[in-house]
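Each remark here refers to the structure printed beneath this line.
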Amino acid sequence: MEFAELIKTPRVDNVVLHRPFYPAVEGTLCLTGHHLILSSRQDNTEELWLLHSNIDAIDKRFVGPLGTIIIKCKDFRIIQLDIPGMEECLNIASSIEALSTLDSITLMYPFFYRPMFEVIEDGWHSFLPEQEFELYSSATNEWRLSYVNKDFAVCSSYPPIVIVPKSIDDEALRKVATFRHGGRFPVLSYYHKKNGMVIMRSGQPLTGTNGRRCKEDEKLINATLRAGKRGYIIDTRSLNVAQQARAKGGGFEQEAHYPQWRRIHKSIERYHILQESLIKLVEACNDQSHNMDRWLSKLEASNWLTHVKEILTTACLAAQCVDREGASILIHGTEGTDSTLQVTSLAQIILEPRSRTIRGFEALIEREWLQAGHPFQQRCALSAYCNSKQKWESPVFLLFLDCVWQILRQFPCSFEFNENFLIMLFEHAYASQFGTFLGNNESERCKLKLQQKTMSLWSWVNRPSELSQFTNPLFEANNLVIWPSVAPQSLQLWEGIFLRWNRSSKYLDEAYEEMVHIIEYNKELQAKVNILRRQLAELETEGGTQESP
Amino acid sequence: MEHIRTTKVEQVKLLDRFSTNNKSLTGTLYLTATHLLFIDSHQKETWILHHHIASVEKLPLTTSGCPLVIQCKNFRIVHFVVPRERDCHDIYNSLLQLSKQAKYEDLYAFSYNPKQNDSERLQGWQLIDLVEEYKRMGVPNANWQLSDANREYKICETYPRELYVPQIASKPIIVGSSKFRSKGRFPVLSYYHQDKEAAICRCSQPLSGFSARCLEDEHLLQAISKANPVNRYMYVVDTRPKHRMQSWWATQKDIGRIIVRISSKVWNDEQIRESDEKKRLNAMANRAAGKGYENEDNYSNIRFQFVGIENIHVMRSSLQKLLEVNGTKGLSVNDFYSGLEGSGWLRHIKAVIDAAIFLTKAIMVENASVLVHCSDGWDRTSQVCSLGSLLLDSYYRTIKGFMIHEHIHSCQFGNFLGNCQKEREELKLKEKTYSLWPFLLEDQKKYLNPLYSSKSQKFAVLEPNTVSFNFRFWRNMYHQFDQTLHPRQSVFNIMMNMNDQNEQLEKDIKDLESKINQHKKEQTDGIITKELLRSVHSESSILKTSLCFKEQTLLPENDSLQTVEGSSPADNRYSEYAEEFSKSEPAVVSLEYGVARMTC
């Protein structure tokens, strides 16, 4: 298929672009296969380059011959284009609609993008499972790499290489896979070096209504326990939901079959409940006319911060089990690809200083989200302005980033990255020139040959020139476990995401710049003092030798 | 002290306010003439000034003892459990008496002795010179004069002696106007904008019935209007809300003449117009009761503006509701936000700021003077006038400037000890107590914003955006003693330390450079005396110890700020995530005396 077929009108003159906090710009609108471009034909005037895949929804309006297209983006931005001529306007609108909803992944921009920068380090090879495992192998020999899934036959949503208890062989893993939802047998998510406790994750056990059991499954997870120790199973669903799952063949671990494990049920929402929450929140944030009462009640009704609190609380509970109770844990919900990953990854942020560095956080995203099979393609297909109520669209990853932001706010010096880094990840998960977030799991990515055909996000991010904008100037390594407060008074609306396009951040940016300035000045002064001290010391020794020949 | 029956109770428990599993600290409770003191087993002290106590409550007896809940005016809430009911009862009764001192002379401020001598004390009180401050604003001048009308507090007891009024306002006019205004609080100058030659004035409501008028008052308003040479009209801002008199309004069919003049060209928002009209009608209602607002017919060149700020009773109960909700254990996000909404607190804050912005725009955009009043002109009027001048004048955003600002708006006309200048003089405060300001100034480093730069002065006028989503619950104020709720690392503290450090480093660089130059000079001159060398050596060793940094690392106090606060093993926050683990951990309750660190 040629993009030209979809582009009915490639170019319209005298189009006026309206954006919040910018003066209107008149220029020429061009449509390409992947971008919507507005060029003002004046030097030094800002142009608009918008990826079609970033477009969530469009509205059309007509007043006489003047048409208006309102473009709502997946990053929550709303822009308006005034297009003279009804036909042009309709053509542009239908072209945008077609181009922003391409159904074939291989037509997406990452397959066409040619980077303008030199690749210093290929991001596709930055976080290999073998390397990640090496970090643990110095501390423990109770675990091994298993290649049982190398052709994705055992579990389609798992990567080819997973970490499992050493004492469990691949044959047992195959059996366990038949007992767990989606073949997602328990695998290692995190090893706590301090006390050797672990976090594992899996899909729900397929106990069904007749209480099916699987000896290998029991053996596998028991293999992770120290003698005489009990572990915790954190089910991210409420007991009620977990019980209902039995009717559909799912279920939860029965006490009788897992006597060494104690089950804790939490209730983290999923799917459309989160999506509706996001839609309500963005709607509330976009309406500047709300009076105080209405704003607060809309914010409350969105339930967004309730979800944040619930996810954070569960992650803190998991971290508490590992670090304070000295117990290993297994985490799962239903599929083990959404709330499970929110909890395992946030628990690592709390427990593991490395995951609070830029590289470590990237590794965490790679390990706990991409390789762990969070279906990005499905979840991030549409955003807050979509009308289609598809079950699989859900801001699971955004909620995770929001939770990280909440912890970052409470520990502003313990993270190597800043808020911009999190915002950048949000943007790229929804629309990107890079292939990293394409596909739903490693198996799909393999088939798409993303490594060969697209550029990795990490290849770009990890260039020193890019890293500088994502680095937290206040960072100082903190090797401790960080316990965030989850009280409602301590949680806040993530303004950098939700109010980003609704207010000017000029004064906040100024304050941030001032802070950076103070820190840089401090470094400069310290360096200067060091040089001068050395100089003086040299002069003194010279003087000393002169004095006593 | 006659009120104190029991001075010491042992084995008292201090409960963690937010703990869902009733964590507590055990210690000893002491009652002194001025403070309640709790010393826990870790020797940590919690001091509570009796004067700070807002309420004491004895809860029903439990198995572990008699609970005593003390709420303080600074938002500290402590929950003790006293083993014996008898002791609890004694403490309760004592605190009840001690916290309700009827006489000013019994207050702590009268017995507090910070070891200052008399002249230092006098200096402290002289720190804030209002005449100087008005001079800074450019008053007196051709249009405004210092009036001696109230020198003996004869016209208005609650006003200070020195008052600024329009040059053309004669004493009879002032006296006449004061008789027409509630509590005699006639229109006086609050803030003068030198560039615009426009003024913010304040007063109380007029005591007019439907037909009553006061020519002197009308003259005085004319005088204020004329004192502004640029603009012919002025605004009268009534800060009261609409629904206060609505019940009365419902019964009235004959409104009389209501002249609704859409006053503003700048604020031509439809919604504002509609609500203005309602507010205007309500002010009419107030007028029938003998109090109210100025009849527009009698005042020419005056534009009336209504902004709806609630009275102190509504505000007080709003704050109470807010604190009640936030004190709930295991509060959910939804309860927090519906409580925040239900309390109306942020709505009130927004109303005050909106009114202040109105003032600012009137002066900056229209060059118009503004007269602000509510009922008595000492609560809402103070809020609006002071906030308005804070937005207008960057001087009030400096520490010294803000002190003067507070003094003008709170002390001179309203709050702190005593209710007005006359009362304060009668109390002989200047002889018997100490001024707060020199203490704050001495300690000002603690209160400095590390990110403040005089560069920001170029935006002389602040224009806050009052879209609802820009308002947030002020956790650092209302939970200042609940440290578990706060961020564990404070950017502001770190920046503050870094600023200090930078200052020190600048000095060190100068020192080092001069020493190096000296050395070089000596070497070229070839004169090296033992003495000089010795002095250089000794100084350089001092330098090493005083700076004590490794290359490219921060001073130790920074380290401690970042990591110790980060998460010490003693941090007990983790035990709040679930009740699944009821294992007893060594509890650390972080109730500290003093104000919580400011965090951003």
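Starting from 1 in every chain, residues are counted up; chains themselves are A, B, ... following the order of the structure tokens, and ligands are numbered from 1 as listed.
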Contacts of A:Val516 within 12 Å, only C-alpha atoms, excl. fewer than 5 positions in-chain, as a PDB file with C-alpha atoms, in the first residue's frame:
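Wrote part-v5.pdb, looks like this:
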ATOM      1  CA  SER A 468      21.717  15.815  29.944  1.00  0.00           C
ATOM      2  CA  GLN A 469      18.075  16.855  29.648  1.00  0.00           C
ATOM      3  CA  THR A 471      19.465  13.976  34.394  1.00  0.00           C
ATOM      4  CA  ASN A 472      18.419  15.063  37.857  1.00  0.00           C
ATOM      5  CA  PRO A 473      20.881  17.709  39.064  1.00  0.00           C
ATOM      6  CA  LEU A 474      20.103  16.835  42.684  1.00  0.00           C
ATOM      7  CA  PHE A 475      20.932  13.171  42.363  1.00  0.00           C
ATOM      8  CA  ASP A 509      10.836  26.411  34.631  1.00  0.00           C
ATOM      9  CA  GLU A 510      12.588  29.540  35.819  1.00  0.00           C
ATOM     10  CA  ALA A 511      12.771  28.180  39.352  1.00  0.00           C
ATOM     11  CA  TYR A 521      27.940  27.213  40.188  1.00  0.00           C
ATOM     12  CA  ASN A 522      28.717  25.110  43.243  1.00  0.00           C
ATOM     13  CA  LYS A 523      30.578  22.553  41.167  1.00  0.00           C
TER      14      LYS A 523
ATOM     15  CA  PRO B 450      17.063  29.788  48.044  1.00  0.00           C
ATOM     16  CA  LEU B 451      15.672  30.246  44.569  1.00  0.00           C
ATOM     17  CA  VAL B 491      15.098  20.347  47.747  1.00  0.00           C
ATOM     18  CA  MET B 495      19.519  24.507  47.849  1.00  0.00           C
ATOM     19  CA  MET B 498      24.348  25.022  48.720  1.00  0.00           C
ATOM     20  CA  ASN B 499      23.848  28.767  48.607  1.00  0.00           C
TER      21      ASN B 499
END
_Within 6 Å of stretch 207-223 of chain A using only C-alpha atoms, minus same-chain residues under 2 positions, as a ChimeraX atom specification_ = /A:172,176,205,225,246-247,249-251
Okay, now the selection with all heavy atoms, as a PDB file, in the first residue's frame?
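Listed below is the output, out-v3.pdb:
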ATOM      1  N   ALA A 172       9.978 -29.672  33.983  1.00  0.00           N
ATOM      2  CA  ALA A 172       9.037 -29.217  35.010  1.00  0.00           C
ATOM      3  C   ALA A 172       8.435 -27.875  34.617  1.00  0.00           C
ATOM      4  O   ALA A 172       7.235 -27.631  34.792  1.00  0.00           O
ATOM      5  CB  ALA A 172       9.736 -29.133  36.357  1.00  0.00           C
ATOM      6  N   VAL A 176       4.572 -26.743  34.471  1.00  0.00           N
ATOM      7  CA  VAL A 176       4.038 -25.608  35.236  1.00  0.00           C
ATOM      8  C   VAL A 176       3.342 -24.634  34.285  1.00  0.00           C
ATOM      9  O   VAL A 176       2.279 -24.085  34.595  1.00  0.00           O
ATOM     10  CB  VAL A 176       5.162 -24.890  36.019  1.00  0.00           C
ATOM     11  CG1 VAL A 176       4.602 -23.668  36.751  1.00  0.00           C
ATOM     12  CG2 VAL A 176       5.803 -25.847  37.018  1.00  0.00           C
ATOM     13  N   PRO A 205      -2.878 -19.239  38.689  1.00  0.00           N
ATOM     14  CA  PRO A 205      -2.922 -20.696  38.522  1.00  0.00           C
ATOM     15  C   PRO A 205      -4.276 -21.098  37.957  1.00  0.00           C
ATOM     16  O   PRO A 205      -5.305 -20.525  38.314  1.00  0.00           O
ATOM     17  CB  PRO A 205      -2.737 -21.214  39.947  1.00  0.00           C
ATOM     18  CG  PRO A 205      -3.240 -20.115  40.825  1.00  0.00           C
ATOM     19  CD  PRO A 205      -2.981 -18.825  40.098  1.00  0.00           C
ATOM     20  N   LEU A 225      12.007 -21.017  48.697  1.00  0.00           N
ATOM     21  CA  LEU A 225      11.934 -20.720  50.132  1.00  0.00           C
ATOM     22  C   LEU A 225      13.120 -21.319  50.865  1.00  0.00           C
ATOM     23  O   LEU A 225      13.580 -22.412  50.553  1.00  0.00           O
ATOM     24  CB  LEU A 225      10.638 -21.288  50.722  1.00  0.00           C
ATOM     25  CG  LEU A 225       9.333 -20.637  50.278  1.00  0.00           C
ATOM     26  CD1 LEU A 225       8.166 -21.346  50.939  1.00  0.00           C
ATOM     27  CD2 LEU A 225       9.320 -19.155  50.629  1.00  0.00           C
ATOM     28  N   ARG A 246     -12.243 -18.448  38.973  1.00  0.00           N
ATOM     29  CA  ARG A 246     -12.255 -19.919  38.911  1.00  0.00           C
ATOM     30  C   ARG A 246     -13.269 -20.432  37.896  1.00  0.00           C
ATOM     31  O   ARG A 246     -13.051 -21.441  37.242  1.00  0.00           O
ATOM     32  CB  ARG A 246     -12.551 -20.508  40.295  1.00  0.00           C
ATOM     33  CG  ARG A 246     -11.366 -20.345  41.238  1.00  0.00           C
ATOM     34  CD  ARG A 246     -11.554 -21.132  42.485  1.00  0.00           C
ATOM     35  NE  ARG A 246     -12.720 -20.676  43.227  1.00  0.00           N
ATOM     36  CZ  ARG A 246     -12.937 -20.948  44.507  1.00  0.00           C
ATOM     37  NH1 ARG A 246     -12.075 -21.692  45.181  1.00  0.00           N
ATOM     38  NH2 ARG A 246     -14.007 -20.515  45.121  1.00  0.00           N
ATOM     39  N   ALA A 247     -14.369 -19.695  37.798  1.00  0.00           N
ATOM     40  CA  ALA A 247     -15.417 -20.122  36.868  1.00  0.00           C
ATOM     41  C   ALA A 247     -14.912 -20.121  35.427  1.00  0.00           C
ATOM     42  O   ALA A 247     -15.392 -20.868  34.583  1.00  0.00           O
ATOM     43  CB  ALA A 247     -16.626 -19.201  37.006  1.00  0.00           C
ATOM     44  N   GLY A 249     -11.869 -20.889  34.625  1.00  0.00           N
ATOM     45  CA  GLY A 249     -10.697 -21.761  34.545  1.00  0.00           C
ATOM     46  C   GLY A 249      -9.487 -21.232  35.292  1.00  0.00           C
ATOM     47  O   GLY A 249      -8.482 -21.914  35.418  1.00  0.00           O
ATOM     48  N   GLY A 250      -9.587 -19.988  35.788  1.00  0.00           N
ATOM     49  CA  GLY A 250      -8.463 -19.415  36.523  1.00  0.00           C
ATOM     50  C   GLY A 250      -8.522 -19.763  37.997  1.00  0.00           C
ATOM     51  O   GLY A 250      -9.043 -20.812  38.370  1.00  0.00           O
ATOM     52  N   GLY A 251      -8.036 -18.863  38.830  1.00  0.00           N
ATOM     53  CA  GLY A 251      -8.139 -19.109  40.254  1.00  0.00           C
ATOM     54  C   GLY A 251      -6.952 -18.605  41.035  1.00  0.00           C
ATOM     55  O   GLY A 251      -6.248 -17.694  40.583  1.00  0.00           O
TER      56      GLY A 251
END
*Could you check how far atom CA of B:Ser453 sits from atom CA of B:Leu390, in Å to one decimal?*
16.6 Å
Within 6 Å of chain A, which residues of chain B show up? Give each one with its shortest atom-to-atom distance in Å (one decimal) and the two atoms involved, counting only C-alpha atoms, rows by chain then rising residue number, as a Markdown table.
| residue | atom | partner | partner_atom | distance |
| --- | --- | --- | --- | --- |
| B:Val333 | CA | A:Pro488 | CA | 5.0 |
| B:Asn334 | CA | A:Glu300 | CA | 5.6 |
| B:Tyr337 | CA | A:Glu300 | CA | 5.8 |
| B:Glu341 | CA | A:Asp293 | CA | 5.5 |
| B:Arg347 | CA | A:Met292 | CA | 5.6 |
| B:Ser468 | CA | A:Met292 | CA | 5.1 |
| B:Leu485 | CA | A:Ser490 | CA | 5.6 |
| B:Pro487 | CA | A:Gln410 | CA | 4.0 |
| B:Arg488 | CA | A:Phe411 | CA | 5.8 |
| B:Gln489 | CA | A:Phe411 | CA | 5.3 |
| B:Asn502 | CA | A:Asn522 | CA | 5.7 |
| B:Ile509 | CA | A:Val529 | CA | 5.8 |
| B:Ile516 | CA | A:Leu536 | CA | 5.7 |
| B:Ser567 | CA | A:Ile482 | CA | 5.5 |
| B:Tyr574 | CA | A:Trp483 | CA | 5.9 |
| B:Tyr577 | CA | A:Thr313 | CA | 5.8 |
Produce a file of the selected residues containing N, CA, C and O atoms, as an mmCIF file, in the first residue's frame.
data_model
loop_
_atom_site.group_PDB
_atom_site.id
_atom_site.type_symbol
_atom_site.label_atom_id
_atom_site.label_comp_id
_atom_site.auth_asym_id
_atom_site.auth_seq_id
_atom_site.Cartn_x
_atom_site.Cartn_y
_atom_site.Cartn_z
ATOM 1 N N VAL B 333 -8.311 8.302 49.252
ATOM 2 C CA VAL B 333 -8.147 9.439 48.348
ATOM 3 C C VAL B 333 -9.490 10.126 48.119
ATOM 4 O O VAL B 333 -9.593 11.349 48.142
ATOM 5 N N ASN B 334 -10.520 9.327 47.945
ATOM 6 C CA ASN B 334 -11.830 9.921 47.687
ATOM 7 C C ASN B 334 -12.345 10.718 48.873
ATOM 8 O O ASN B 334 -12.902 11.794 48.707
ATOM 9 N N TYR B 337 -10.449 14.052 49.000
ATOM 10 C CA TYR B 337 -10.885 15.084 48.066
ATOM 11 C C TYR B 337 -12.313 15.545 48.320
ATOM 12 O O TYR B 337 -12.625 16.723 48.166
ATOM 13 N N GLU B 341 -13.193 19.319 49.257
ATOM 14 C CA GLU B 341 -14.254 20.051 48.574
ATOM 15 C C GLU B 341 -15.303 20.522 49.581
ATOM 16 O O GLU B 341 -15.694 21.687 49.586
ATOM 17 N N ARG B 347 -11.782 26.973 48.098
ATOM 18 C CA ARG B 347 -12.673 27.948 47.473
ATOM 19 C C ARG B 347 -12.472 29.325 48.113
ATOM 20 O O ARG B 347 -12.424 30.342 47.433
ATOM 21 N N SER B 468 -8.872 26.727 38.923
ATOM 22 C CA SER B 468 -9.025 25.886 40.115
ATOM 23 C C SER B 468 -7.903 24.869 40.283
ATOM 24 O O SER B 468 -7.450 24.615 41.390
ATOM 25 N N LEU B 485 4.087 12.332 56.591
ATOM 26 C CA LEU B 485 3.394 12.692 55.358
ATOM 27 C C LEU B 485 4.272 13.486 54.397
ATOM 28 O O LEU B 485 3.884 13.745 53.269
ATOM 29 N N PRO B 487 7.712 14.723 52.128
ATOM 30 C CA PRO B 487 8.839 14.179 51.378
ATOM 31 C C PRO B 487 10.042 14.004 52.292
ATOM 32 O O PRO B 487 10.242 14.793 53.213
ATOM 33 N N ARG B 488 10.810 12.981 52.044
ATOM 34 C CA ARG B 488 11.928 12.687 52.923
ATOM 35 C C ARG B 488 13.183 13.460 52.576
ATOM 36 O O ARG B 488 14.160 13.422 53.286
ATOM 37 N N GLN B 489 13.183 14.092 51.443
ATOM 38 C CA GLN B 489 14.329 14.910 51.088
ATOM 39 C C GLN B 489 13.800 16.263 50.663
ATOM 40 O O GLN B 489 12.833 16.343 49.928
ATOM 41 N N ASN B 502 28.220 28.043 48.642
ATOM 42 C CA ASN B 502 28.772 28.841 47.551
ATOM 43 C C ASN B 502 29.372 30.146 48.069
ATOM 44 O O ASN B 502 30.420 30.585 47.612
ATOM 45 N N ILE B 509 38.008 31.241 47.735
ATOM 46 C CA ILE B 509 38.734 31.492 46.489
ATOM 47 C C ILE B 509 39.510 32.796 46.585
ATOM 48 O O ILE B 509 40.679 32.866 46.229
ATOM 49 N N ILE B 516 48.167 33.029 47.064
ATOM 50 C CA ILE B 516 49.004 32.595 45.944
ATOM 51 C C ILE B 516 49.760 33.787 45.368
ATOM 52 O O ILE B 516 50.957 33.711 45.107
ATOM 53 N N SER B 567 16.070 7.712 54.136
ATOM 54 C CA SER B 567 15.335 6.603 54.682
ATOM 55 C C SER B 567 16.252 5.895 55.647
ATOM 56 O O SER B 567 17.100 5.127 55.248
ATOM 57 N N TYR B 574 7.125 2.171 56.587
ATOM 58 C CA TYR B 574 6.731 0.953 55.894
ATOM 59 C C TYR B 574 5.635 0.190 56.618
ATOM 60 O O TYR B 574 4.877 -0.531 56.018
ATOM 61 N N TYR B 577 1.679 0.275 55.466
ATOM 62 C CA TYR B 577 1.094 -0.136 54.194
ATOM 63 C C TYR B 577 0.019 -1.206 54.371
ATOM 64 O O TYR B 577 -0.893 -1.307 53.605
#
*Near stretch 222-236 of chain B, within 8 Å and counting only C-alpha atoms, which residues show up once chain neighbours fewer than 4 positions away are dropped, as an MDAnalysis selection string?*
chainID B and resid 143:144 165:169 196:199 218 299:305 362 366:373
Output N, CA, C and O atoms for every residue in the selection just made, as a CSV table (one decimal), in the first residue's frame.
chain,number,residue,atom,x,y,z
B,143,ASN,N,-0.9,64.9,47.1
B,143,ASN,CA,-2.3,64.4,47.2
B,143,ASN,C,-2.6,63.7,48.5
B,143,ASN,O,-3.8,63.5,48.8
B,144,TRP,N,-1.6,63.3,49.2
B,144,TRP,CA,-1.9,62.5,50.4
B,144,TRP,C,-1.2,63.1,51.6
B,144,TRP,O,0.0,63.5,51.5
B,165,VAL,N,-4.6,60.2,54.7
B,165,VAL,CA,-5.9,60.5,54.1
B,165,VAL,C,-5.6,61.5,52.9
B,165,VAL,O,-4.5,62.1,52.9
B,166,PRO,N,-6.5,61.7,52.0
B,166,PRO,CA,-6.3,62.6,50.9
B,166,PRO,C,-6.0,64.0,51.5
B,166,PRO,O,-6.5,64.4,52.5
B,167,GLN,N,-5.1,64.7,50.7
B,167,GLN,CA,-4.7,66.1,51.1
B,167,GLN,C,-6.0,67.0,51.4
B,167,GLN,O,-6.0,67.8,52.3
B,168,ILE,N,-7.0,66.8,50.5
B,168,ILE,CA,-8.1,67.7,50.6
B,168,ILE,C,-9.2,67.3,51.6
B,168,ILE,O,-10.2,67.9,51.7
B,169,ALA,N,-8.9,66.2,52.3
B,169,ALA,CA,-9.9,65.7,53.3
B,169,ALA,C,-9.6,66.4,54.6
B,169,ALA,O,-8.6,66.2,55.3
B,196,LYS,N,1.7,54.7,39.5
B,196,LYS,CA,0.4,54.9,39.0
B,196,LYS,C,-0.4,56.0,39.7
B,196,LYS,O,-1.5,56.3,39.3
B,197,GLU,N,0.2,56.4,40.8
B,197,GLU,CA,-0.4,57.5,41.6
B,197,GLU,C,-1.9,57.0,42.0
B,197,GLU,O,-2.8,57.8,42.2
B,198,ALA,N,-2.0,55.7,42.2
B,198,ALA,CA,-3.3,55.2,42.6
B,198,ALA,C,-3.2,54.6,44.0
B,198,ALA,O,-2.1,54.2,44.4
B,199,ALA,N,-4.3,54.5,44.7
B,199,ALA,CA,-4.2,54.0,46.1
B,199,ALA,C,-5.1,52.9,46.4
B,199,ALA,O,-6.1,52.7,45.7
B,218,GLU,N,-19.4,61.0,51.4
B,218,GLU,CA,-19.3,61.1,49.9
B,218,GLU,C,-18.2,62.0,49.6
B,218,GLU,O,-17.5,61.8,48.6
B,299,TYR,N,-22.9,58.6,45.0
B,299,TYR,CA,-21.5,58.7,44.8
B,299,TYR,C,-21.2,58.7,43.3
B,299,TYR,O,-21.4,57.7,42.6
B,300,SER,N,-20.6,59.8,42.9
B,300,SER,CA,-20.4,59.8,41.4
B,300,SER,C,-19.0,59.4,41.2
B,300,SER,O,-18.1,59.4,42.0
B,301,ASN,N,-18.8,59.0,39.9
B,301,ASN,CA,-17.4,58.5,39.5
B,301,ASN,C,-16.9,57.3,40.4
B,301,ASN,O,-15.8,57.1,40.6
B,302,ILE,N,-17.9,56.5,40.9
B,302,ILE,CA,-17.5,55.4,41.7
B,302,ILE,C,-18.1,54.1,41.0
B,302,ILE,O,-19.3,54.1,40.7
B,303,ARG,N,-17.3,53.2,40.9
B,303,ARG,CA,-17.7,51.9,40.4
B,303,ARG,C,-17.7,50.9,41.5
B,303,ARG,O,-16.7,50.7,42.1
B,304,PHE,N,-18.8,50.2,41.6
B,304,PHE,CA,-18.9,49.2,42.7
B,304,PHE,C,-18.6,47.8,42.2
B,304,PHE,O,-19.1,47.4,41.2
B,305,GLN,N,-17.9,47.2,43.0
B,305,GLN,CA,-17.5,45.8,42.6
B,305,GLN,C,-17.7,44.9,43.8
B,305,GLN,O,-17.4,45.3,45.0
B,362,ALA,N,-7.0,46.7,38.8
B,362,ALA,CA,-7.6,48.1,38.8
B,362,ALA,C,-6.5,49.1,38.8
B,362,ALA,O,-6.6,50.1,38.1
B,366,GLU,N,-6.1,49.9,34.9
B,366,GLU,CA,-6.9,51.1,34.7
B,366,GLU,C,-6.5,52.3,35.5
B,366,GLU,O,-7.1,53.4,35.4
B,367,ASN,N,-5.4,52.1,36.2
B,367,ASN,CA,-4.9,53.3,37.0
B,367,ASN,C,-5.8,53.8,38.0
B,367,ASN,O,-5.9,55.0,38.3
B,368,ALA,N,-6.8,53.0,38.4
B,368,ALA,CA,-7.8,53.5,39.3
B,368,ALA,C,-7.5,53.2,40.8
B,368,ALA,O,-6.9,52.1,41.1
B,369,SER,N,-7.9,54.0,41.6
B,369,SER,CA,-7.8,53.8,43.1
B,369,SER,C,-8.9,52.9,43.5
B,369,SER,O,-10.0,52.8,42.8
B,370,VAL,N,-8.7,52.2,44.6
B,370,VAL,CA,-9.7,51.2,45.1
B,370,VAL,C,-9.9,51.4,46.6
B,370,VAL,O,-9.0,51.6,47.3
B,371,LEU,N,-11.2,51.4,47.0
B,371,LEU,CA,-11.5,51.4,48.4
B,371,LEU,C,-12.1,50.0,48.7
B,371,LEU,O,-13.1,49.6,48.0
B,372,VAL,N,-11.6,49.4,49.7
B,372,VAL,CA,-12.0,48.0,50.0
B,372,VAL,C,-12.7,48.0,51.4
B,372,VAL,O,-12.3,48.6,52.3
B,373,HIS,N,-13.9,47.4,51.5
B,373,HIS,CA,-14.5,47.2,52.8
B,373,HIS,C,-15.3,45.9,52.8
B,373,HIS,O,-15.6,45.3,51.8
*If you run DSSP on the backbone, which residues of stretch 172-228 of chain B are helix (DSSP H, G or I), as a list in words?*
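Those in stretch 172-228 of chain B that DSSP calls helix (DSSP H, G or I) are Pro172, Ile173, Ile174, Val175, Gly176, Ser177, Ser178, Lys179, Phe180, Ser182, Lys183, Gly184, Leu215, Glu216, Asp217, Glu218, His219, Leu220, Leu221, Gln222, Ala223, Ile224, Ser225 and Lys226 of chain B.
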_Could you tell me how far atom CA of A:Leu36 sits from atom CA of A:Leu81, in Å to one decimal place?_
11.1 Å
